[in-house]
$ cat my_file_9.cif   # mmCIF, C-alpha atoms
data_structure
#
loop_
_atom_site.label_atom_id
_atom_site.label_comp_id
_atom_site.auth_asym_id
_atom_site.auth_seq_id
_atom_site.Cartn_x
_atom_site.Cartn_y
_atom_site.Cartn_z
CA MET A 1 114.55 113.57 129.22
CA ALA A 2 115.91 117.11 129.25
CA PHE A 3 115.27 119.50 126.38
CA ALA A 4 117.45 122.32 125.10
CA PHE A 5 114.31 124.43 124.58
CA ALA A 6 113.07 126.56 127.46
CA PRO A 7 110.22 129.04 126.97
CA SER A 8 110.84 132.70 127.71
CA SER A 9 108.70 134.37 130.33
CA ALA A 10 106.89 136.25 127.54
CA GLN A 11 106.07 133.00 125.72
CA ALA A 12 104.90 131.32 128.89
CA THR A 13 102.46 134.12 129.80
CA SER A 14 101.29 135.39 126.40
CA PRO A 15 97.72 134.64 125.29
CA ALA A 16 97.10 131.83 122.85
CA PRO A 17 97.33 132.89 119.20
CA ARG A 18 93.96 132.77 117.44
CA ARG A 19 95.02 132.90 113.78
CA VAL A 20 97.89 130.50 113.09
CA VAL A 21 99.22 129.91 109.57
CA SER A 22 101.77 127.20 108.74
CA ILE A 23 103.86 127.42 105.57
CA ASN A 24 106.04 124.33 106.07
CA LEU A 25 105.15 120.65 105.71
CA CYS A 26 106.55 119.63 109.07
CA THR A 27 104.99 122.49 111.02
CA ASP A 28 101.74 121.79 109.13
CA GLN A 29 101.57 118.32 110.60
CA MET A 30 102.65 119.27 114.10
CA ALA A 31 100.10 122.09 114.17
CA MET A 32 97.28 119.86 112.90
CA LEU A 33 98.09 117.37 115.66
CA MET A 34 98.19 120.03 118.34
CA ALA A 35 96.11 123.12 117.59
CA ALA A 36 92.86 123.85 119.36
CA PRO A 37 89.67 123.84 117.25
CA GLY A 38 89.60 126.96 115.07
CA GLN A 39 93.14 128.02 116.01
CA LEU A 40 94.91 126.86 112.84
CA LYS A 41 93.74 128.82 109.81
CA SER A 42 95.89 127.50 106.95
CA VAL A 43 98.47 124.85 106.08
CA SER A 44 100.77 124.54 103.09
CA SER A 45 99.69 122.75 99.94
CA LEU A 46 102.37 120.11 100.64
CA ALA A 47 100.23 118.85 103.50
CA THR A 48 97.72 117.47 100.96
CA GLU A 49 100.28 115.53 98.90
CA LYS A 50 100.00 111.79 99.44
CA GLY A 51 103.70 111.09 98.96
CA THR A 52 104.93 113.57 101.55
CA SER A 53 102.18 114.02 104.14
CA VAL A 54 100.83 111.60 106.70
CA MET A 55 97.82 113.84 107.33
CA ILE A 56 96.26 114.45 103.91
CA ASP A 57 92.71 113.90 105.16
CA GLU A 58 93.11 116.41 107.97
CA ALA A 59 94.83 118.92 105.66
CA ALA A 60 91.86 118.84 103.27
CA ARG A 61 89.82 120.61 105.94
CA TYR A 62 92.01 123.73 105.93
CA PRO A 63 92.53 126.54 103.44
CA LEU A 64 95.85 125.96 101.69
CA ASN A 65 98.74 128.32 101.07
CA HIS A 66 101.79 128.11 98.82
CA GLY A 67 104.25 129.81 101.12
CA GLN A 68 103.84 133.23 99.52
CA ALA A 69 104.06 136.35 101.66
CA GLU A 70 101.15 138.00 99.84
CA GLU A 71 98.65 135.26 100.61
CA VAL A 72 99.83 134.93 104.22
CA PHE A 73 99.51 138.70 104.67
CA LEU A 74 95.85 138.57 103.59
CA MET A 75 95.11 135.95 106.26
CA HIS A 76 96.14 138.40 109.03
CA PRO A 77 97.84 135.73 111.17
CA ASP A 78 99.03 136.39 114.70
CA LEU A 79 101.51 133.50 114.39
CA VAL A 80 103.25 132.07 111.32
CA LEU A 81 105.01 128.69 111.52
CA ALA A 82 107.89 128.05 109.10
CA GLY A 83 110.91 125.82 108.56
CA THR A 84 114.51 127.01 108.81
CA TYR A 85 115.34 125.93 105.25
CA THR A 86 112.16 126.83 103.38
CA ALA A 87 110.54 130.03 102.15
CA LYS A 88 113.38 132.21 103.45
CA ALA A 89 112.31 135.22 101.38
CA THR A 90 108.76 134.84 102.67
CA VAL A 91 109.92 134.59 106.28
CA ALA A 92 112.15 137.65 105.95
CA LEU A 93 109.37 139.74 104.37
CA LEU A 94 106.75 138.69 106.90
CA LYS A 95 109.07 139.59 109.77
CA GLU A 96 109.79 142.94 108.12
CA LEU A 97 106.03 143.55 107.94
CA GLY A 98 105.76 142.93 111.68
CA PHE A 99 104.28 139.43 111.78
CA HIS A 100 105.25 136.98 114.50
CA VAL A 101 107.13 134.20 112.70
CA GLU A 102 108.57 131.14 114.41
CA THR A 103 110.91 128.85 112.47
CA PHE A 104 111.50 125.17 113.28
CA LYS A 105 114.54 123.16 112.25
CA PRO A 106 114.03 119.71 110.70
CA ALA A 107 114.24 116.95 113.29
CA SER A 108 117.44 114.92 113.10
CA SER A 109 116.70 112.81 116.19
CA PHE A 110 113.76 111.83 118.33
CA ASN A 111 114.98 114.28 120.95
CA ASP A 112 114.56 116.98 118.31
CA VAL A 113 111.01 115.76 117.77
CA ARG A 114 110.29 116.08 121.50
CA GLU A 115 111.82 119.54 121.59
CA ASN A 116 109.84 120.77 118.57
CA LEU A 117 106.57 119.43 119.96
CA THR A 118 107.22 120.97 123.35
CA ARG A 119 108.14 124.33 121.84
CA LEU A 120 105.07 124.42 119.63
CA GLY A 121 102.91 123.52 122.62
CA VAL A 122 104.14 126.63 124.40
CA LEU A 123 103.62 128.84 121.35
CA LEU A 124 100.05 127.61 120.86
CA ARG A 125 99.37 127.50 124.63
CA ARG A 126 98.64 123.80 124.15
CA GLU A 127 101.19 122.40 126.57
CA GLY A 128 98.92 119.57 127.66
CA ARG A 129 98.37 118.35 124.12
CA ALA A 130 102.11 118.61 123.42
CA ALA A 131 102.82 116.48 126.48
CA GLU A 132 100.36 113.85 125.18
CA LEU A 133 102.14 113.71 121.83
CA VAL A 134 105.56 113.43 123.49
CA ALA A 135 104.21 110.61 125.67
CA GLU A 136 102.82 108.87 122.58
CA LEU A 137 106.26 109.11 120.98
CA ASP A 138 108.05 107.80 124.07
CA ASN A 139 105.60 104.94 124.54
CA GLY A 140 106.09 103.92 120.92
CA LEU A 141 109.86 103.99 121.29
CA ALA A 142 109.60 101.87 124.44
CA GLU A 143 107.44 99.30 122.65
CA LEU A 144 110.01 99.04 119.86
CA ALA A 145 112.85 98.69 122.36
CA VAL A 146 111.38 95.69 124.22
CA ARG A 147 111.18 93.51 121.11
CA LYS A 148 114.17 91.25 120.55
CA VAL A 149 115.38 91.88 117.04
CA PRO A 150 118.06 89.84 115.22
CA ARG A 151 121.48 91.52 115.08
CA LYS A 152 121.19 93.04 111.62
CA ASN A 153 122.10 96.22 109.82
CA ALA A 154 120.04 98.35 107.49
CA VAL A 155 120.82 101.11 105.05
CA PHE A 156 118.71 103.84 103.47
CA TYR A 157 119.29 103.99 99.73
CA TYR A 158 117.89 106.90 97.77
CA ALA A 159 117.97 108.20 94.22
CA ASN A 160 121.43 109.23 93.00
CA SER A 161 122.88 106.64 95.42
CA TYR A 162 122.45 108.80 98.52
CA THR A 163 122.22 107.36 102.02
CA SER A 164 121.80 108.69 105.57
CA GLY A 165 124.59 108.51 108.12
CA SER A 166 124.71 109.69 111.72
CA GLY A 167 122.93 112.84 112.78
CA THR A 168 119.83 112.22 110.68
CA LEU A 169 116.25 111.28 111.43
CA ALA A 170 116.75 108.22 109.19
CA ASP A 171 119.59 107.09 111.44
CA ALA A 172 117.33 107.47 114.48
CA ILE A 173 114.59 105.47 112.75
CA VAL A 174 116.93 102.55 112.07
CA LYS A 175 118.29 102.52 115.61
CA ALA A 176 114.82 102.77 117.15
CA ALA A 177 114.00 99.55 115.29
CA GLY A 178 116.88 97.88 117.12
CA LEU A 179 119.15 97.71 114.07
CA ALA A 180 122.52 99.17 113.13
CA ASN A 181 122.63 101.88 110.49
CA LEU A 182 125.17 100.83 107.87
CA GLY A 183 125.63 104.46 106.84
CA ASP A 184 126.75 105.28 110.38
CA ALA A 185 128.96 102.17 110.54
CA LEU A 186 130.70 103.32 107.35
CA GLY A 187 131.49 106.64 109.01
CA PHE A 188 129.02 108.77 107.05
CA LYS A 189 127.45 111.85 108.60
CA GLY A 190 124.28 113.44 107.29
CA MET A 191 123.21 112.75 103.73
CA THR A 192 126.01 111.50 101.50
CA ARG A 193 126.66 109.43 98.40
CA LEU A 194 126.99 105.66 98.78
CA PRO A 195 128.36 104.26 95.50
CA LEU A 196 126.66 101.09 94.36
CA GLU A 197 130.00 99.27 94.46
CA LEU A 198 130.42 100.08 98.15
CA LEU A 199 126.83 99.10 98.88
CA ILE A 200 127.42 95.68 97.31
CA PHE A 201 130.73 95.26 99.14
CA ALA A 202 129.16 96.22 102.50
CA ASP A 203 126.54 93.49 102.01
CA PRO A 204 123.69 95.03 104.06
CA ASP A 205 121.02 92.83 105.61
CA LEU A 206 118.21 95.24 104.74
CA ILE A 207 118.01 98.03 102.15
CA ILE A 208 115.43 100.73 102.80
CA GLU A 209 113.80 102.29 99.75
CA GLY A 210 111.37 105.18 99.68
CA ASP A 211 108.47 105.55 97.29
CA SER A 212 109.51 108.70 95.42
CA GLN A 213 108.40 108.43 91.82
CA TYR A 214 109.60 110.18 88.68
CA GLY A 215 107.33 111.05 85.79
CA ALA A 216 109.76 109.50 83.30
CA PRO A 217 112.90 107.37 83.34
CA ALA A 218 115.65 109.34 85.08
CA LEU A 219 119.37 108.98 85.62
CA ALA A 220 118.75 109.63 89.31
CA LYS A 221 117.10 106.21 89.56
CA GLU A 222 119.50 104.21 87.41
CA ASN A 223 121.19 102.72 90.48
CA PHE A 224 118.00 100.78 91.21
CA ALA A 225 117.97 99.24 87.74
CA HIS A 226 121.50 97.87 87.91
CA PRO A 227 121.62 94.04 87.87
CA ALA A 228 123.85 93.98 90.96
CA PHE A 229 121.25 95.93 92.93
CA ARG A 230 118.34 93.94 91.55
CA ALA A 231 120.08 90.77 92.74
CA MET A 232 119.50 92.03 96.30
CA ALA A 233 115.77 92.63 95.76
CA GLU A 234 114.77 90.26 98.55
CA ARG A 235 116.54 92.53 101.04
CA VAL A 236 114.66 95.67 100.03
CA VAL A 237 112.21 97.12 102.55
CA PRO A 238 109.91 99.79 101.08
CA ILE A 239 109.05 102.53 103.55
CA PRO A 240 106.83 105.41 102.39
CA ASP A 241 108.71 108.70 102.36
CA LYS A 242 105.95 110.40 104.32
CA TYR A 243 107.11 108.60 107.48
CA THR A 244 110.71 109.78 107.20
CA ILE A 245 110.46 113.40 106.02
CA CYS A 246 109.10 115.02 109.18
CA GLY A 247 109.40 114.15 112.85
CA GLY A 248 106.34 113.22 114.89
CA PRO A 249 104.74 110.23 116.60
CA PHE A 250 103.87 109.00 113.09
CA THR A 251 107.61 108.67 112.31
CA LEU A 252 107.64 105.53 114.45
CA GLU A 253 105.69 103.72 111.73
CA ALA A 254 108.91 103.66 109.69
CA SER A 255 110.71 101.94 112.58
CA ARG A 256 107.83 99.47 112.98
CA ILE A 257 107.92 98.55 109.29
CA LEU A 258 111.68 98.06 109.47
CA GLN A 259 111.51 96.04 112.67
CA ARG A 260 108.87 93.71 111.22
CA ALA A 261 111.07 93.16 108.17
CA ALA A 262 114.05 92.31 110.37
CA LEU A 263 112.02 89.87 112.43
CA LYS A 264 110.69 88.23 109.28
CA GLN A 265 114.16 87.94 107.80
CA GLY A 266 115.46 86.52 111.08
CA ALA A 267 112.77 83.85 111.06
CA VAL A 268 113.77 82.86 107.52
CA ASP A 269 117.45 82.73 108.49
CA ARG A 270 116.66 80.26 111.25
#
$ encode --input "my_file_9.cif" --output "structure tokens"
Amino acid sequence: MAFAFAPSSAQATSPAPRRVVSINLCTDQMAMLMAAPGQLKSVSSLATEKGTSVMIDEAARYPLNHGQAEEVFLMHPDLVLAGTYTAKATVALLKELGFHVETFKPASSFNDVRENLTRLGVLLRREGRAAELVAELDNGLAELAVRKVPRKNAVFYYANSYTSGSGTLADAIVKAAGLANLGDALGFKGMTRLPLELLIFADPDLIIEGDSQYGAPALAKENFAHPAFRAMAERVVPIPDKYTICGGPFTLEASRILQRAALKQGAVDR
């Protein structure tokens, strides 16, 4: 599969960075999967949070940062990894101070995941390891594709009645499981509101819930307490948020969970 990313001649011939600092959850996890021993010096504190990170055990072995320019400066990195939508002030200041900062956009498709892995492999001079991770992703997608899944639809349903339409990683997760994304079928793009009334009317086969928790009762979660939603409890498929936030080979676990639920529901239907 072709990628939009192509390394520059400077990137392809430059020496491997020796002091890499990541200040973004998604680059944290990619770097931990890919970096050579001793190459990655710090990851963000988000990498140790059970609800958001797949790699909390690995992250515990690294010094943590909180995305602050001052602490990154003191680490004297030769490469800083960041996200396009996080720590913008930090990124701007670090660039102004002369540090090499590379920003990665959030993956909205599995092709984006391949591209990000390939790009990071070039930056770290770990092209072979990047190719292994891309192959792991592609093999997992192929395994999902060969299973015959009942013709069903699924919908992500978040707090405040949000869902994911086309152009999102959630959409790619549903389709990789062999199912139709109801959000896409309804014409939604990106993250958008799905009123409870429309959800009930659309009558989805499977409803995907994350595991985000609030410290106290919140209006953002009131849609889940409504009797009409609770009547569809048997259709709910819980998928930990950590598998849907960032793109990597681990993202396929969300598709596997969803596919198993569809197969189980199909067996009951028969």
$ resolve_selection --input "my_file_9.cif" --expression "the PyMOL selection byres ((chain A and resi 59) around 10)" --output "list in words"
Asp28, Gln29, Met32, Ser42, Val43, Ser44, Ser45, Leu46, Ala47, Thr48, Glu49, Ser53, Val54, Met55, Ile56, Asp57, Glu58, Ala60, Arg61, Tyr62, Pro63 and Leu64 of chain A
$ residues_around --input "my_file_9.cif" --residues "Leu137 (chain A)" --least-positions-apart "6" --cutoff "8 Å" --atoms "all atoms listed in the file" --output "list in words"
Gly248, Pro249 and Leu252 of chain A
$ closest_residue --input "my_file_9.cif" --among "A:Val21, A:Met232, A:Val122, A:Arg260" --to "Leu74 (chain A)" --atoms "all atoms listed in the file"
A:Val21
$ residues_around --input "my_file_9.cif" --residues "Leu179 (chain A)" --least-positions-apart "6" --cutoff "12 Å" --atoms "all atoms listed in the file" --output "list in words"
Leu144, Ala145, Arg147, Lys148, Val149, Pro150, Arg151, Lys152, Asn153, Ala154, Val155, Ala170, Asp171, Ala172, Ile173, Ala185, Pro204, Asp205, Leu206, Ile207, Ser255, Arg256, Leu258, Gln259, Arg260, Ala261, Ala262 and Leu263 of chain A
$ atom_distance --input "my_file_9.cif" --atom1 "CA of Asn24 (chain A)" --atom2 "CA of Gly83 (chain A)"
5.7 Å
$ resolve_selection --input "my_file_9.cif" --expression "the PyMOL selection byres ((chain A and resi 30) around 12)" --output "VMD selection string"
chain A and resid 22 to 29 31 to 35 40 43 47 53 to 55 58 to 59 81 to 83 104 106 to 107 113 to 121 124 126 129 to 130 133 to 134 246 to 251
$ closest_residue --input "my_file_9.cif" --among "A:Leu182, A:Phe73, A:Gly167, A:Glu253" --to "Glu96 (chain A)" --atoms "only C-alpha atoms"
A:Phe73
